[in-house]
Each structure stands twice: as C-alpha cells, then as structure tokens.
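Visitor: I'd like to ask you about the structure that follows.
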Amino acid sequence: MTYTTLAVISAVAGFAVDRWVLRTRLTSTATWWMTYAIIVFFQLLTNGWLTGREIVRYRADAIIGDSQPQLIGDGRLFYAPVEDLGFGFGLVLIACSVWVRLGRSRRVGEAA
Amino acid sequence: MSLVHWSYVAMLAFCLLGTLPLVWLFRLDVLRQPARLALAVVAAGTPYLVWDLWATHVGHWSFDPDQTLPWRIAGLPLEEISFFVVIPLVGVLTYEAVAAVRAGRGRWVLRR
C-alpha cells in the first residue's frame with residue numbers, strides 16, 4: 001500500500017475511534033476543531049521544516065507528488081506531502097480521544 | 001557532530017517549548033495524571049510507530065543522517081521515535097488549553 005492510501009485510512013481510523021470505538025464524539029465539538037486548527041497550523045510549520053530541509057525524504061512512488069519538495073503544488077503543501085495531513089489528523093485525534101475517554105471513566109469512577 | 005545534526009531535535013524542542021508553558025498558563029492538570037497521559041500517548045503512538053517502522057523499512061520515507069543524531073533503534077532515529085511521544089502530548093495539551101479557554105479558566109494575564 002502507498003502512503004497515500006494509508007494516510008486516508010489514518011484519517012478515517014481517527015474518525016472511527018472517536019465516533020464509534022470510544023464514542024468520545026470530539027469531532028462534534030468546537031473544542032476539537034479549534035484544537036485541530038491550531039495543531040494543523042503548527043504541523044504545516046514544523047513539518048515544513050522537516051520536509052523542506054529534507055530531514056525526511058519521501059520516495060516518489062509512495063506519494064501523490066514526486067520526491068522533490070516544493071512550497072505548494074505537485075501533492076505538496078508547505079513542502080510536506082499532503083498525505084501527512086491524514087497521518088497527523090489520525091494521530092492527534094486518537095490521542096485526544098483516548099485522553100478524554102479515560103477522563104470520563106475516571107469521573108464516572110469517582111461518582112460511583 | 002555538527003549543529004546541523006540537531007535539526008530534527010530542534011523541531012521536537014520547538015513543539016515542547018510551545019506547549020509546555022500552557023500547563024502553567026491555563027493551570028492544566030495534564031501532567032498530574034501521568035497514567036492517563038501515558039495511556040493516551042501509548043494507545044495513539046504505538047500503531048503509528050509500527051506503521052512508521054514498516055514504512056521506513058519498505059522505503060516510503062527515509063531520514064537524512066546528516067540532520068539527525070547518529071543513534072538508531074530498528075532503523076529509526078531516536079528523534080522519530082520521540083515524535084510519537086511528543087506529538088500526542090502536544091495534541092492533548094493543546095486540546096486541554098482550548099477547553100480551558102472556552103471554560104474561562106487560565107491565569108489573570110490571559111483574562112480581559
């Protein structure tokens with residue numbers, strides 16, 4: 001499987017964990033989307049550093065674009081492959097979802 | 001080892017420098033719940049770390065030895081492994097800071 005396919009799976013997995021597995025439904029809250037707006041801004045900034053400087057390099061046949069980073073275009077956004085957005089969305093959403101889920105069970109535990 | 005070898009470390013340090021002060025600014029209790037935090041980091045980070053190990057192994061992406069520290073675990077730079085701790089942590093801190101702002105919590109310097 002290419003990175004492109006896996007990045008889509010990552011974003012869908014994030015949604016699935018939040019909505020159906022842990023039922024935290026963060027993706028229905030303004031708090032999550034404000035969080036994600038901040039995260040994605042800094043992701044573009046820091047990931048631009050990693051990919052623009054070619055600290056991390058991508059093989060052309062795994063991504064939409066080729067292996068040459070550019071600011072915008074050819075499947076790249078601020079030097080990073082657009083696939084990184086799916087990767088980051090899933091990773092951060094799952095982390096927040098597990099975090100919130102554990103908090104709820106803790107509160108339920110205290111109340112009982 | 002030149003300064004350039006710290007390029008990836010610099011990105012991780014930037015992420016932490018940007019978010020750890022949120023703990024103080026918004027009186028977040030995230031770091032006082034180490035078990036809950038560790039579970040969230042491990043639950044989100046592990047599948048992505050496994051993906052990363054595989055993707056690096058099959059060559060979807062690679063790391064510049066001149067811009068990373070020399071140490072490798074299973075072919076991954078230590079920075080890349082740390083990424084899967086730092087990013088979930090940064091995500092949870094941002095989420096909690098946004099929740100605090102929306103609830104009107106935080107230090108007087110942030111209040112109107």
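Following the order of the structure tokens, chains are lettered A, B, ..., residues in each are numbered from 1, and ligands are numbered from 1.
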Would you give me, as an MDAnalysis selection string, the residues in chain A that DSSP reads as strand (DSSP E or B)?
Guide: chainID A and resid 56:58 72:73 76:77 80:81
Visitor: Compute the chain A side of the contact with chain B at 7 Å, counting only C-alpha atoms, and hand it back as a list in words.
Guide: Tyr3, Thr31, Trp32, Thr35, Thr46, Leu50, Glu54, Ile55, Val56, Arg57, Tyr58, Arg59, Ala62, Leu91, Val92, Ile94, Ala95, Cys96, Val98, Trp99 and Leu102 of chain A
Visitor: Write a file of the just-selected residues containing N, CA and C atoms, as a CSV table (one decimal), in the first residue's frame.
Guide:
```csv
chain,number,residue,atom,x,y,z
A,3,TYR,N,1.7,5.4,0.7
A,3,TYR,CA,1.5,6.3,1.8
A,3,TYR,C,0.1,7.0,1.6
A,31,THR,N,-14.5,22.5,20.5
A,31,THR,CA,-13.2,22.4,21.2
A,31,THR,C,-12.2,21.6,20.4
A,32,TRP,N,-12.7,20.5,19.8
A,32,TRP,CA,-11.8,19.7,19.0
A,32,TRP,C,-11.3,20.5,17.7
A,35,THR,N,-8.9,23.1,18.4
A,35,THR,CA,-7.7,22.4,18.7
A,35,THR,C,-7.0,22.0,17.4
A,46,THR,N,6.1,23.1,11.3
A,46,THR,CA,7.2,22.2,11.8
A,46,THR,C,7.4,21.1,10.7
A,50,LEU,N,10.8,19.9,8.5
A,50,LEU,CA,11.3,18.5,8.4
A,50,LEU,C,11.4,18.2,6.9
A,54,GLU,N,14.5,18.5,3.9
A,54,GLU,CA,14.7,17.1,3.6
A,54,GLU,C,15.4,16.3,4.7
A,55,ILE,N,15.0,16.7,5.9
A,55,ILE,CA,15.4,15.8,7.1
A,55,ILE,C,14.7,14.5,6.9
A,56,VAL,N,13.4,14.6,6.4
A,56,VAL,CA,12.7,13.4,6.0
A,56,VAL,C,12.5,13.5,4.5
A,57,ARG,N,12.8,12.4,3.8
A,57,ARG,CA,12.6,12.3,2.3
A,57,ARG,C,11.6,11.3,2.0
A,58,TYR,N,10.8,11.5,0.9
A,58,TYR,CA,9.8,10.6,0.5
A,58,TYR,C,10.1,10.0,-0.9
A,59,ARG,N,9.8,8.7,-1.0
A,59,ARG,CA,10.0,8.0,-2.3
A,59,ARG,C,8.8,8.4,-3.2
A,62,ALA,N,5.5,6.4,-3.5
A,62,ALA,CA,4.6,6.2,-2.3
A,62,ALA,C,3.6,7.3,-2.1
A,91,LEU,N,-3.4,10.7,14.2
A,91,LEU,CA,-2.6,10.5,15.4
A,91,LEU,C,-3.0,11.4,16.5
A,92,VAL,N,-3.3,12.7,16.2
A,92,VAL,CA,-3.7,13.6,17.3
A,92,VAL,C,-5.1,13.4,17.7
A,94,ILE,N,-6.8,10.5,17.8
A,94,ILE,CA,-6.8,9.3,18.6
A,94,ILE,C,-6.2,9.6,20.0
A,95,ALA,N,-5.1,10.3,20.0
A,95,ALA,CA,-4.6,10.7,21.3
A,95,ALA,C,-5.6,11.4,22.2
A,96,CYS,N,-6.2,12.4,21.6
A,96,CYS,CA,-7.2,13.2,22.4
A,96,CYS,C,-8.4,12.4,22.7
A,98,VAL,N,-8.6,9.1,23.3
A,98,VAL,CA,-8.2,8.2,24.4
A,98,VAL,C,-8.1,9.0,25.7
A,99,TRP,N,-7.5,10.2,25.6
A,99,TRP,CA,-7.3,11.0,26.8
A,99,TRP,C,-8.7,11.4,27.4
A,102,LEU,N,-10.6,8.3,28.9
A,102,LEU,CA,-10.0,7.9,30.2
A,102,LEU,C,-10.5,8.9,31.3
```
Visitor: Would you pick out the contacts of Arg107 of chain B at 10 Å or less, using only C-alpha atoms, so that residues sharing its chain but fewer than 5 positions from it are not included, and give the list as a list in words?
Guide: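 Counting only C-alpha atoms, the residues come to Trp24, Leu25, Phe26 and Arg27 of chain B.
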Visitor: For C-alpha atoms, I'd like the residues from the last selection saved as a PDB file, in the first residue's frame.
Guide:
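The resulting file, result37.pdb, is reproduced below:
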```pdb
ATOM      1  CA  TRP B  24       1.254  26.929  33.718  1.00  0.00           C
ATOM      2  CA  LEU B  25      -0.762  29.496  31.769  1.00  0.00           C
ATOM      3  CA  PHE B  26      -4.017  27.558  31.972  1.00  0.00           C
ATOM      4  CA  ARG B  27      -3.298  25.654  35.191  1.00  0.00           C
TER       5      ARG B  27
END
```
Visitor: In Å, rounded to a single decimal, give me how far atom CA of Ala13 of chain B is from atom CA of Val100 of chain A.
Guide: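 Computing it gives 25.4 Å between the two atoms.
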Visitor: Within 7 Å of Gly65 of chain A, counting only C-alpha atoms, which residues qualify if same-chain residues fewer than 2 places away don't, as a ChimeraX atom specification?
Guide: /A:60,63,67,74-76
Visitor: Env of segment 5-8 of chain A: 7 Å cut, atoms = only C-alpha atoms, seq-sep filter 3 positions within chain, self excluded. Answer as a list in words.
Guide: Met1, Thr2, Ala11, Val12, Glu83, Asp84, Gly86 and Phe87 of chain A
Visitor: For the selection you just gave me, I'd like the residues written to a file as a PDB file, in the first residue's frame, keeping C-alpha atoms.
Guide:
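What ended up in selection_37.pdb:
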```pdb
ATOM      1  CA  MET A   1       0.000   0.000   0.000  1.00  0.00           C
ATOM      2  CA  THR A   2       1.156   3.523  -0.760  1.00  0.00           C
ATOM      3  CA  ALA A  11      -7.888   9.928   8.909  1.00  0.00           C
ATOM      4  CA  VAL A  12     -10.829   7.507   8.689  1.00  0.00           C
ATOM      5  CA  GLU A  83      -0.573  12.692   2.936  1.00  0.00           C
ATOM      6  CA  ASP A  84       0.981  13.988   6.166  1.00  0.00           C
ATOM      7  CA  GLY A  86      -4.105  12.370   7.168  1.00  0.00           C
ATOM      8  CA  PHE A  87      -1.267  10.977   9.255  1.00  0.00           C
TER       9      PHE A  87
END
```
Visitor: Set the distance at 12 Å and use only C-alpha atoms: which residues neighbour Ile72 of chain A once local chain neighbours fewer than 3 positions away are removed? I'd like the list as a ChimeraX atom specification.
Guide: /A:44,48,52,65,68-69,75-82
Visitor: Within segment 17-54 of chain B, find each residue whose DSSP state, derived from the backbone, is alpha helix (DSSP H), and express the selection as a PyMOL selection string.
Guide: chain B and resi 17-25+34-54
Visitor: Report, in Å to a single decimal, how far apart atom CA of Leu16 of chain B and atom CA of Leu85 of chain A are.
Guide: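 So the two atoms, atom CA of Leu85 of chain A and atom CA of Leu16 of chain B, lie 20.1 Å apart.
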Visitor: Quick check, in Å to one decimal: how far apart do atom CA of Trp71 of chain B and atom CA of Trp49 of chain A lie?
Guide: 20.8 Å
